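**Student:** You'll find data.cif just under this line, and it carries mmCIF, C-alpha atoms and all ligand atoms.
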```cif
data_input
loop_
_atom_site.group_PDB
_atom_site.id
_atom_site.type_symbol
_atom_site.label_atom_id
_atom_site.label_comp_id
_atom_site.auth_asym_id
_atom_site.auth_seq_id
_atom_site.Cartn_x
_atom_site.Cartn_y
_atom_site.Cartn_z
ATOM 1 C CA MET A 4 0.000 0.000 0.000
ATOM 2 C CA ASP A 5 1.597 3.221 -1.118
ATOM 3 C CA ASP A 6 0.522 6.332 0.777
ATOM 4 C CA ILE A 7 -3.153 5.472 1.035
ATOM 5 C CA ASP A 8 -5.831 7.882 2.216
ATOM 6 C CA PHE A 9 -9.403 6.762 2.541
ATOM 7 C CA ALA A 10 -12.556 8.661 3.488
ATOM 8 C CA TYR A 11 -16.169 7.468 3.349
ATOM 9 C CA SER A 12 -18.147 10.001 1.365
ATOM 10 C CA GLY A 13 -18.557 13.255 3.253
ATOM 11 C CA GLU A 14 -16.631 11.932 6.256
ATOM 12 C CA LYS A 15 -13.172 12.789 7.577
ATOM 13 C CA LEU A 16 -10.270 10.546 6.593
ATOM 14 C CA THR A 17 -10.495 7.068 8.108
ATOM 15 C CA LEU A 18 -7.068 6.112 6.735
ATOM 16 C CA LYS A 19 -4.330 8.673 6.383
ATOM 17 C CA ASN A 20 -0.885 8.223 4.790
ATOM 18 C CA VAL A 21 -0.911 4.445 5.128
ATOM 19 C CA THR A 22 2.157 2.826 3.605
ATOM 20 C CA LEU A 23 2.702 -0.897 4.113
ATOM 21 C CA ASP A 24 5.157 -3.177 2.387
ATOM 22 C CA ILE A 25 4.211 -6.795 2.929
ATOM 23 C CA ARG A 26 6.399 -9.307 1.132
ATOM 24 C CA ASN A 27 7.246 -12.633 2.702
ATOM 25 C CA PRO A 28 4.761 -15.389 3.463
ATOM 26 C CA GLN A 29 3.719 -14.761 7.034
ATOM 27 C CA LEU A 30 0.884 -14.278 9.501
ATOM 28 C CA ILE A 31 0.100 -10.643 10.191
ATOM 29 C CA SER A 32 -2.442 -9.428 12.742
ATOM 30 C CA ILE A 33 -4.186 -6.097 12.549
ATOM 31 C CA ILE A 34 -5.152 -4.840 16.001
ATOM 32 C CA GLY A 35 -6.718 -1.634 17.286
ATOM 33 C CA PRO A 36 -9.834 -0.276 19.026
ATOM 34 C CA ASN A 37 -13.329 -0.495 17.537
ATOM 35 C CA GLY A 38 -13.973 1.866 14.668
ATOM 36 C CA VAL A 39 -10.382 2.857 13.862
ATOM 37 C CA GLY A 40 -10.514 1.488 10.317
ATOM 38 C CA LYS A 41 -9.254 -2.114 10.479
ATOM 39 C CA SER A 42 -12.001 -3.452 8.210
ATOM 40 C CA THR A 43 -11.661 -0.380 6.007
ATOM 41 C CA LEU A 44 -7.949 -1.133 5.589
ATOM 42 C CA ILE A 45 -8.502 -4.689 4.371
ATOM 43 C CA HIS A 46 -11.372 -3.525 2.159
ATOM 44 C CA CYS A 47 -8.882 -1.185 0.480
ATOM 45 C CA MET A 48 -6.486 -4.107 0.028
ATOM 46 C CA ASN A 49 -8.988 -6.248 -1.874
ATOM 47 C CA LYS A 50 -10.712 -3.523 -3.856
ATOM 48 C CA ILE A 51 -14.040 -3.624 -2.027
ATOM 49 C CA LEU A 52 -13.193 0.047 -1.430
ATOM 50 C CA SER A 53 -11.074 2.337 -3.594
ATOM 51 C CA PRO A 54 -8.624 4.565 -1.757
ATOM 52 C CA THR A 55 -9.211 8.296 -2.014
ATOM 53 C CA ARG A 56 -5.495 8.690 -2.681
ATOM 54 C CA GLY A 57 -2.529 6.357 -3.163
ATOM 55 C CA THR A 58 -2.125 2.950 -4.775
ATOM 56 C CA VAL A 59 -2.502 -0.644 -3.679
ATOM 57 C CA PHE A 60 -0.256 -3.150 -5.426
ATOM 58 C CA VAL A 61 -0.482 -6.921 -5.582
ATOM 59 C CA ASP A 62 2.484 -8.637 -7.218
ATOM 60 C CA ASP A 63 3.598 -5.127 -8.226
ATOM 61 C CA ILE A 64 0.383 -4.572 -10.212
ATOM 62 C CA ASP A 65 -1.971 -1.725 -9.315
ATOM 63 C CA VAL A 66 -5.131 -3.496 -8.065
ATOM 64 C CA SER A 67 -7.344 -0.905 -9.716
ATOM 65 C CA GLN A 68 -6.091 -2.395 -13.010
ATOM 66 C CA ILE A 69 -6.867 -6.009 -12.028
ATOM 67 C CA LYS A 70 -10.282 -7.474 -12.911
ATOM 68 C CA VAL A 71 -12.351 -8.574 -9.920
ATOM 69 C CA LYS A 72 -12.278 -12.267 -10.873
ATOM 70 C CA GLU A 73 -8.516 -12.165 -11.454
ATOM 71 C CA LEU A 74 -8.014 -10.446 -8.104
ATOM 72 C CA ALA A 75 -10.143 -13.125 -6.403
ATOM 73 C CA LYS A 76 -7.614 -15.754 -7.508
ATOM 74 C CA LYS A 77 -4.923 -13.823 -5.695
ATOM 75 C CA ILE A 78 -6.760 -12.481 -2.659
ATOM 76 C CA GLY A 79 -9.128 -14.513 -0.513
ATOM 77 C CA TYR A 80 -11.404 -12.696 1.887
ATOM 78 C CA VAL A 81 -13.304 -14.004 4.873
ATOM 79 C CA PRO A 82 -15.690 -11.260 6.016
ATOM 80 C CA TYR A 83 -16.668 -10.564 9.600
ATOM 81 C CA SER A 84 -19.077 -13.277 10.768
ATOM 82 C CA ALA A 85 -21.150 -13.160 7.586
ATOM 83 C CA ASN A 86 -24.804 -12.761 8.466
ATOM 84 C CA ASP A 87 -25.812 -13.266 4.866
ATOM 85 C CA THR A 88 -27.312 -16.674 5.394
ATOM 86 C CA PHE A 89 -27.320 -18.693 2.204
ATOM 87 C CA PRO A 90 -29.955 -21.392 1.887
ATOM 88 C CA LEU A 91 -27.153 -23.729 0.806
ATOM 89 C CA THR A 92 -25.435 -26.751 2.239
ATOM 90 C CA VAL A 93 -22.007 -26.357 3.780
ATOM 91 C CA ILE A 94 -20.413 -28.134 0.789
ATOM 92 C CA ASP A 95 -22.064 -25.789 -1.714
ATOM 93 C CA THR A 96 -21.062 -22.757 0.344
ATOM 94 C CA ILE A 97 -17.425 -23.858 0.309
ATOM 95 C CA LEU A 98 -17.607 -24.740 -3.394
ATOM 96 C CA MET A 99 -18.501 -21.091 -4.030
ATOM 97 C CA GLY A 100 -14.943 -20.336 -2.932
ATOM 98 C CA ARG A 101 -13.761 -22.148 -6.076
ATOM 99 C CA ASN A 102 -15.694 -19.700 -8.248
ATOM 100 C CA PRO A 103 -12.734 -17.472 -9.254
ATOM 101 C CA HIS A 104 -10.950 -20.531 -10.645
ATOM 102 C CA SER A 105 -13.861 -21.890 -12.651
ATOM 103 C CA THR A 106 -13.664 -21.969 -16.448
ATOM 104 C CA TRP A 107 -15.636 -23.911 -19.054
ATOM 105 C CA LYS A 108 -13.303 -26.870 -18.616
ATOM 106 C CA THR A 109 -13.250 -26.982 -14.803
ATOM 107 C CA ASP A 110 -13.476 -30.506 -13.449
ATOM 108 C CA LEU A 111 -15.852 -30.668 -10.467
ATOM 109 C CA LYS A 112 -13.832 -33.651 -9.199
ATOM 110 C CA ASP A 113 -10.770 -31.434 -8.695
ATOM 111 C CA ASP A 114 -12.868 -28.850 -6.867
ATOM 112 C CA MET A 115 -14.410 -31.537 -4.659
ATOM 113 C CA LYS A 116 -10.945 -32.786 -3.764
ATOM 114 C CA ILE A 117 -10.021 -29.326 -2.507
ATOM 115 C CA VAL A 118 -13.337 -28.975 -0.671
ATOM 116 C CA LYS A 119 -12.759 -32.305 1.065
ATOM 117 C CA GLU A 120 -9.282 -31.173 2.073
ATOM 118 C CA VAL A 121 -10.507 -27.909 3.630
ATOM 119 C CA LEU A 122 -13.439 -29.654 5.367
ATOM 120 C CA GLU A 123 -10.885 -31.896 7.056
ATOM 121 C CA MET A 124 -8.558 -28.990 7.810
ATOM 122 C CA MET A 125 -11.348 -27.066 9.545
ATOM 123 C CA ASP A 126 -12.653 -30.143 11.325
ATOM 124 C CA ILE A 127 -16.144 -29.790 9.869
ATOM 125 C CA VAL A 128 -16.541 -32.995 7.825
ATOM 126 C CA PRO A 129 -19.691 -33.976 9.783
ATOM 127 C CA LEU A 130 -21.296 -30.656 8.843
ATOM 128 C CA ALA A 131 -20.791 -31.106 5.091
ATOM 129 C CA MET A 132 -24.416 -31.766 4.142
ATOM 130 C CA ARG A 133 -25.999 -29.486 6.760
ATOM 131 C CA PRO A 134 -27.719 -26.255 5.661
ATOM 132 C CA PHE A 135 -25.301 -23.377 6.276
ATOM 133 C CA ASN A 136 -27.966 -21.165 7.877
ATOM 134 C CA GLU A 137 -28.720 -23.733 10.584
ATOM 135 C CA LEU A 138 -25.221 -23.709 12.051
ATOM 136 C CA SER A 139 -23.997 -22.074 15.254
ATOM 137 C CA ALA A 140 -21.952 -18.866 14.982
ATOM 138 C CA GLY A 141 -18.723 -20.753 15.602
ATOM 139 C CA GLN A 142 -19.528 -23.422 12.987
ATOM 140 C CA HIS A 143 -20.518 -20.643 10.623
ATOM 141 C CA GLN A 144 -17.141 -19.062 11.043
ATOM 142 C CA ARG A 145 -15.259 -22.293 10.373
ATOM 143 C CA VAL A 146 -17.252 -22.831 7.175
ATOM 144 C CA MET A 147 -16.448 -19.285 6.010
ATOM 145 C CA LEU A 148 -12.801 -19.947 6.739
ATOM 146 C CA ALA A 149 -12.986 -23.174 4.756
ATOM 147 C CA ARG A 150 -14.478 -21.237 1.862
ATOM 148 C CA GLY A 151 -11.590 -18.767 1.986
ATOM 149 C CA LEU A 152 -9.085 -21.622 1.989
ATOM 150 C CA ALA A 153 -10.815 -23.363 -0.931
ATOM 151 C CA GLN A 154 -10.125 -20.236 -2.946
ATOM 152 C CA GLU A 155 -6.391 -21.069 -2.696
ATOM 153 C CA PRO A 156 -5.320 -17.419 -2.687
ATOM 154 C CA GLU A 157 -1.801 -15.964 -2.416
ATOM 155 C CA ILE A 158 -3.077 -13.519 0.160
ATOM 156 C CA LEU A 159 -5.793 -14.376 2.643
ATOM 157 C CA LEU A 160 -7.583 -11.536 4.452
ATOM 158 C CA LEU A 161 -9.724 -12.361 7.454
ATOM 159 C CA ASP A 162 -11.934 -9.968 9.396
ATOM 160 C CA GLU A 163 -12.011 -11.169 13.008
ATOM 161 C CA PRO A 164 -11.897 -14.879 12.122
ATOM 162 C CA THR A 165 -11.904 -15.944 15.764
ATOM 163 C CA ALA A 166 -14.647 -13.612 17.023
ATOM 164 C CA ASN A 167 -17.236 -16.308 17.682
ATOM 165 C CA LEU A 168 -14.963 -19.135 18.679
ATOM 166 C CA ASP A 169 -14.223 -20.689 22.040
ATOM 167 C CA ILE A 170 -10.609 -20.526 23.214
ATOM 168 C CA LYS A 171 -9.713 -23.993 21.896
ATOM 169 C CA HIS A 172 -11.087 -23.237 18.437
ATOM 170 C CA GLN A 173 -9.447 -19.790 18.489
ATOM 171 C CA ILE A 174 -6.072 -21.421 19.059
ATOM 172 C CA ASP A 175 -6.793 -24.098 16.431
ATOM 173 C CA VAL A 176 -7.714 -21.462 13.841
ATOM 174 C CA ILE A 177 -4.744 -19.187 14.507
ATOM 175 C CA ARG A 178 -2.317 -22.107 14.461
ATOM 176 C CA LEU A 179 -3.856 -23.264 11.207
ATOM 177 C CA LEU A 180 -3.481 -19.781 9.703
ATOM 178 C CA LYS A 181 0.140 -19.633 10.800
ATOM 179 C CA LYS A 182 0.840 -23.117 9.385
ATOM 180 C CA LEU A 183 -0.968 -22.246 6.187
ATOM 181 C CA SER A 184 1.246 -19.221 5.644
ATOM 182 C CA ILE A 185 4.289 -21.507 5.714
ATOM 183 C CA LYS A 186 2.860 -24.606 3.985
ATOM 184 C CA LYS A 187 1.120 -22.764 1.147
ATOM 185 C CA ASN A 188 3.622 -19.932 1.045
ATOM 186 C CA ILE A 189 0.990 -17.219 1.421
ATOM 187 C CA VAL A 190 0.473 -13.972 3.296
ATOM 188 C CA VAL A 191 -2.302 -14.264 5.868
ATOM 189 C CA ILE A 192 -3.630 -11.026 7.321
ATOM 190 C CA MET A 193 -6.205 -11.216 10.093
ATOM 191 C CA ILE A 194 -7.965 -8.656 12.223
ATOM 192 C CA SER A 195 -7.953 -9.661 15.875
ATOM 193 C CA HIS A 196 -8.993 -8.204 19.207
ATOM 194 C CA ASP A 197 -6.990 -10.691 21.233
ATOM 195 C CA LEU A 198 -3.601 -9.088 21.789
ATOM 196 C CA ASN A 199 -2.205 -12.146 23.532
ATOM 197 C CA LEU A 200 -3.112 -14.579 20.770
ATOM 198 C CA ALA A 201 -1.941 -12.092 18.139
ATOM 199 C CA ALA A 202 1.368 -11.682 19.981
ATOM 200 C CA LYS A 203 1.850 -15.427 20.358
ATOM 201 C CA TYR A 204 1.293 -16.481 16.765
ATOM 202 C CA SER A 205 1.866 -13.485 14.459
ATOM 203 C CA ASP A 206 5.104 -12.750 12.631
ATOM 204 C CA ASN A 207 4.198 -9.081 12.429
ATOM 205 C CA ILE A 208 1.507 -6.822 13.840
ATOM 206 C CA ILE A 209 -0.152 -3.736 12.416
ATOM 207 C CA MET A 210 -1.499 -1.617 15.266
ATOM 208 C CA MET A 211 -4.109 0.937 14.248
ATOM 209 C CA ALA A 212 -5.348 3.998 16.084
ATOM 210 C CA ASP A 213 -7.662 6.815 15.113
ATOM 211 C CA GLY A 214 -6.391 8.154 11.778
ATOM 212 C CA GLY A 215 -4.583 5.100 10.532
ATOM 213 C CA VAL A 216 -1.602 2.891 11.239
ATOM 214 C CA PHE A 217 0.031 3.594 14.597
ATOM 215 C CA ALA A 218 2.820 0.999 14.649
ATOM 216 C CA VAL A 219 4.064 -1.904 12.547
ATOM 217 C CA GLY A 220 6.576 -4.559 13.507
ATOM 218 C CA THR A 221 7.149 -7.745 15.463
ATOM 219 C CA PRO A 222 4.840 -8.459 18.413
ATOM 220 C CA LYS A 223 7.644 -7.430 20.764
ATOM 221 C CA ASP A 224 8.091 -4.091 18.991
ATOM 222 C CA VAL A 225 4.402 -3.260 18.756
ATOM 223 C CA ILE A 226 2.728 -4.702 21.834
ATOM 224 C CA THR A 227 4.276 -2.491 24.474
ATOM 225 C CA GLU A 228 2.873 -0.927 27.628
ATOM 226 C CA ASP A 229 3.219 2.548 26.081
ATOM 227 C CA ASN A 230 1.472 1.606 22.827
ATOM 228 C CA ILE A 231 -1.406 -0.126 24.646
ATOM 229 C CA ARG A 232 -1.840 2.957 26.838
ATOM 230 C CA SER A 233 -1.740 5.354 23.865
ATOM 231 C CA VAL A 234 -3.998 3.363 21.572
ATOM 232 C CA TYR A 235 -6.498 1.710 23.923
ATOM 233 C CA GLY A 236 -6.168 3.922 27.026
ATOM 234 C CA VAL A 237 -5.619 0.778 29.054
ATOM 235 C CA GLU A 238 -2.927 0.145 31.648
ATOM 236 C CA ALA A 239 -1.225 -3.176 31.117
ATOM 237 C CA GLU A 240 1.805 -4.994 32.368
ATOM 238 C CA LEU A 241 3.700 -7.117 29.915
ATOM 239 C CA VAL A 242 5.438 -10.330 30.777
ATOM 240 C CA GLU A 243 7.550 -12.239 28.330
ATOM 241 C CA HIS A 244 6.870 -15.870 27.514
ATOM 242 C CA ASP A 245 8.865 -17.774 24.919
ATOM 243 C CA GLY A 246 10.248 -14.444 23.690
ATOM 244 C CA ARG A 247 6.804 -12.989 23.067
ATOM 245 C CA PRO A 248 4.867 -10.385 25.033
ATOM 246 C CA HIS A 249 1.854 -11.405 27.087
ATOM 247 C CA MET A 250 -0.437 -8.738 28.437
ATOM 248 C CA ILE A 251 -1.830 -8.602 31.944
ATOM 249 C CA ILE A 252 -4.524 -6.009 32.571
ATOM 250 C CA ILE A 253 -3.701 -3.573 35.337
ATOM 251 C CA ASP A 254 -6.785 -1.714 36.490
ATOM 252 C CA SER A 255 -5.640 0.244 39.498
ATOM 253 C CA ASP A 256 -9.070 1.925 39.709
ATOM 254 C CA PHE A 257 -10.604 -1.441 40.460
ATOM 255 C CA THR A 258 -9.049 -3.374 43.320
ATOM 256 C CA GLU A 259 -10.098 -6.513 45.180
ATOM 257 C CA GLU A 260 -11.496 -4.134 47.832
ATOM 258 C CA ASP A 261 -13.712 -2.493 45.172
ATOM 259 C CA SER A 262 -15.015 -5.841 44.000
ATOM 260 C CA LYS A 263 -16.227 -6.476 47.564
ATOM 261 C CA THR A 264 -17.806 -3.083 48.089
ATOM 262 C CA LEU A 265 -19.808 -3.216 44.873
ATOM 263 C CA GLU A 266 -22.966 -4.262 46.618
ATOM 264 C CA GLY A 267 -24.630 -6.290 43.869
ATOM 265 C CA SER A 268 -21.735 -8.504 43.053
ATOM 266 C CA TYR A 269 -20.839 -8.871 46.735
ATOM 267 C CA VAL A 270 -24.305 -10.001 47.722
ATOM 268 C CA LEU A 271 -24.607 -12.386 44.806
ATOM 269 C CA GLY A 272 -21.140 -13.715 45.551
ATOM 270 C CA GLU A 273 -22.135 -14.341 49.189
ATOM 271 C CA ILE A 274 -25.275 -16.211 48.190
ATOM 272 C CA LEU A 275 -23.371 -18.358 45.720
ATOM 273 C CA HIS A 276 -20.689 -19.031 48.285
ATOM 274 C CA LYS A 277 -23.254 -20.091 50.882
ATOM 275 C CA ARG A 278 -25.075 -22.290 48.404
ATOM 276 C CA CYS A 279 -21.906 -23.961 47.231
ATOM 277 C CA SER A 280 -20.633 -24.556 50.714
ATOM 278 C CA GLY A 281 -23.966 -25.963 51.794
ATOM 279 C CA GLU A 282 -24.713 -23.252 54.369
ATOM 280 C CA GLU A 283 -27.903 -22.446 52.512
ATOM 281 C CA SER A 284 -29.996 -24.760 50.365
HETATM 282 N N1 LIG B 301 -20.004 2.372 4.850
HETATM 283 C C1 LIG B 301 -19.594 3.304 5.712
HETATM 284 N N2 LIG B 301 -19.955 4.605 5.537
HETATM 285 C C2 LIG B 301 -19.535 5.556 6.390
HETATM 286 N N3 LIG B 301 -18.728 5.327 7.440
HETATM 287 C C3 LIG B 301 -18.334 4.062 7.669
HETATM 288 C C4 LIG B 301 -18.729 2.976 6.798
HETATM 289 N N4 LIG B 301 -18.169 1.834 7.275
HETATM 290 C C5 LIG B 301 -17.451 2.191 8.344
HETATM 291 N N5 LIG B 301 -17.563 3.510 8.607
HETATM 292 C C6 LIG B 301 -16.892 4.255 9.689
HETATM 293 O O1 LIG B 301 -15.502 4.249 9.439
HETATM 294 C C7 LIG B 301 -14.779 4.053 10.645
HETATM 295 C C8 LIG B 301 -13.924 2.796 10.536
HETATM 296 O O2 LIG B 301 -14.751 1.656 10.437
HETATM 297 P P1 LIG B 301 -14.194 0.180 10.380
HETATM 298 O O3 LIG B 301 -13.132 0.116 9.355
HETATM 299 O O4 LIG B 301 -15.347 -0.733 10.228
HETATM 300 O O5 LIG B 301 -13.537 0.036 11.847
HETATM 301 P P2 LIG B 301 -12.986 -1.253 12.598
HETATM 302 O O6 LIG B 301 -13.031 -2.405 11.651
HETATM 303 O O7 LIG B 301 -11.606 -0.877 13.033
HETATM 304 O O8 LIG B 301 -13.877 -1.446 13.796
HETATM 305 C C9 LIG B 301 -15.822 3.986 11.761
HETATM 306 O O9 LIG B 301 -15.922 5.254 12.329
HETATM 307 C C10 LIG B 301 -17.092 3.609 11.038
HETATM 308 O O10 LIG B 301 -18.203 4.111 11.695
HETATM 309 MG MG MG B 302 -14.137 -4.137 11.675
#
```
How would this structure read if it were set down as C-alpha cells?

**Tutor:**
Amino acid sequence: MDDIDFAYSGEKLTLKNVTLDIRNPQLISIIGPNGVGKSTLIHCMNKILSPTRGTVFVDDIDVSQIKVKELAKKIGYVPYSANDTFPLTVIDTILMGRNPHSTWKTDLKDDMKIVKEVLEMMDIVPLAMRPFNELSAGQHQRVMLARGLAQEPEILLLDEPTANLDIKHQIDVIRLLKKLSIKKNIVVIMISHDLNLAAKYSDNIIMMADGGVFAVGTPKDVITEDNIRSVYGVEAELVEHDGRPHMIIIDSDFTEEDSKTLEGSYVLGEILHKRCSGEES
C-alpha cells in the first residue's frame, strides 16, 4: 500500500498516509480499538473500497487495473461473521470459494478434492451436508474460513476470524493460519482483538489507532505498555513468555477491595458461596 488515504463520502479521513510493504509469506495481525478502520484497511487491500489517494499493489500490479475475478484468484477474503445466510449446504457454500478458478473446462472432481481437504482442515466434515444457515456462529465461522481456503489465494484476508470461537477453536484457527502461511507460502492477514493470541502467533503486527496505522513490527516491537496505553487507554503490564509479550490487565481503579464493596456482586457472591458450601440450600 503506497501512501493510502481513505474517506467514506462526506466523512473525515479514516485512513491517512498508510504505507505498508508486505512481502514474505507470514501471519500478520491487525489490532486496534473499535472503529479505527481495520475493516476499512482490508477492504482497500482487496478492492471492495477504492482509496481516495494512493495505490494498492499486488504482485507489483496496481489493483485498480486487475479485474475482480482475477483479483479473487490472488486475494481470498473471509468477512466478519457473515450474516448473509445462504440457503445452501455447507459443501455448496465452500464450493462457491472455487468460483474465481472456474472456467468452461473446470473438473468438479478437482474442486471436490479441494473442498474435502478444507473440510478436514477445519474439522467440519460432519457438517458437510448441513444447511449453512442452521449452524452455530462458531460453525458458521469455520465454514467461512474453509471457503476462503478453498479459494487457494496468495493472500488471505480475514476480518475477526476468531470472534465467535471458544478458546480452543481460536487457538486451532490461529495455528492453522500460521501453518498455512508456511505450507502454502501465502500472506495471511487477520484482524484480531486478542492481543495475547496475536502476539503469540503473528510474525508481524499492524497496530491501528484513530487516523490510521500507529505501529508496525514484530509483536515485541508493537505490543508495548506505552502503545497499549496510547492506543487503547488501558494500563497493562507485559510479561515475556517464549520471547513474546503477554499482556496482563492492570486496572488500578478497580481493586479486590472495590469488587467487595460493589454491593450487587458482593451479595450475589455471598449467596453463591453459601449455596456452594452448603450453608444455605
Ligand atoms: N459504509 C460506511 N460509511 C460511512 N462510514 C463508515 C462505513 N463503514 C465504516 N464507517 C466508519 O468508518 C470508521 C472505521 O470503520 P471500520 O473500518 O469498520 O472500523 P474497525 O473495523 O476498526 O472497527 C468507523 O468510524 C465507522 O463508523
Ligand atoms: Mg471491523

**Student:** Give me, as number ranges by chain, the set of residues whose atoms come within 10 Å of any atom of ligand LIG 301 (chain B), counting only C-alpha atoms and all ligand atoms.

**Tutor:** A: 9-18, 33-47, 52, 83, 162-163, 194-196, 211-215

**Student:** Quick check, in Å to one decimal: how far apart do atom CA of Thr165 of chain A and atom CA of Gly141 of chain A lie?

**Tutor:**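 Atom-to-atom, atom CA of Thr165 of chain A to atom CA of Gly141 of chain A, that is 8.3 Å.
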
**Student:** Could you tell me which of A:Met147, A:Val66, A:Ile251, A:Met193 comes closest to ligand MG 302 (chain B) if we count all atoms listed in the file?

**Tutor:**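 Among the listed residues, A:Met193 lies closest to ligand MG 302 (chain B).
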
**Student:** Pick out the closest residue to Lys112 of chain A from this set: A:Ile31, A:Leu98, A:Leu160, A:Val242. Count all atoms listed in the file.

**Tutor:**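 Of all the options, A:Leu98 lies closest to Lys112 of chain A.
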
**Student:** One number please: atom CA of Ile189 of chain A to atom CA of Ile158 of chain A, in Å, one decimal.

**Tutor:** 5.6 Å

**Student:** Counting only C-alpha atoms, which of A:Ser84, A:Glu73, A:Gly151, A:Arg247 gets nearest to Asn167 of chain A?

**Tutor:**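 Among A:Ser84, A:Glu73, A:Gly151, A:Arg247, it is A:Ser84 that comes nearest to Asn167 of chain A.
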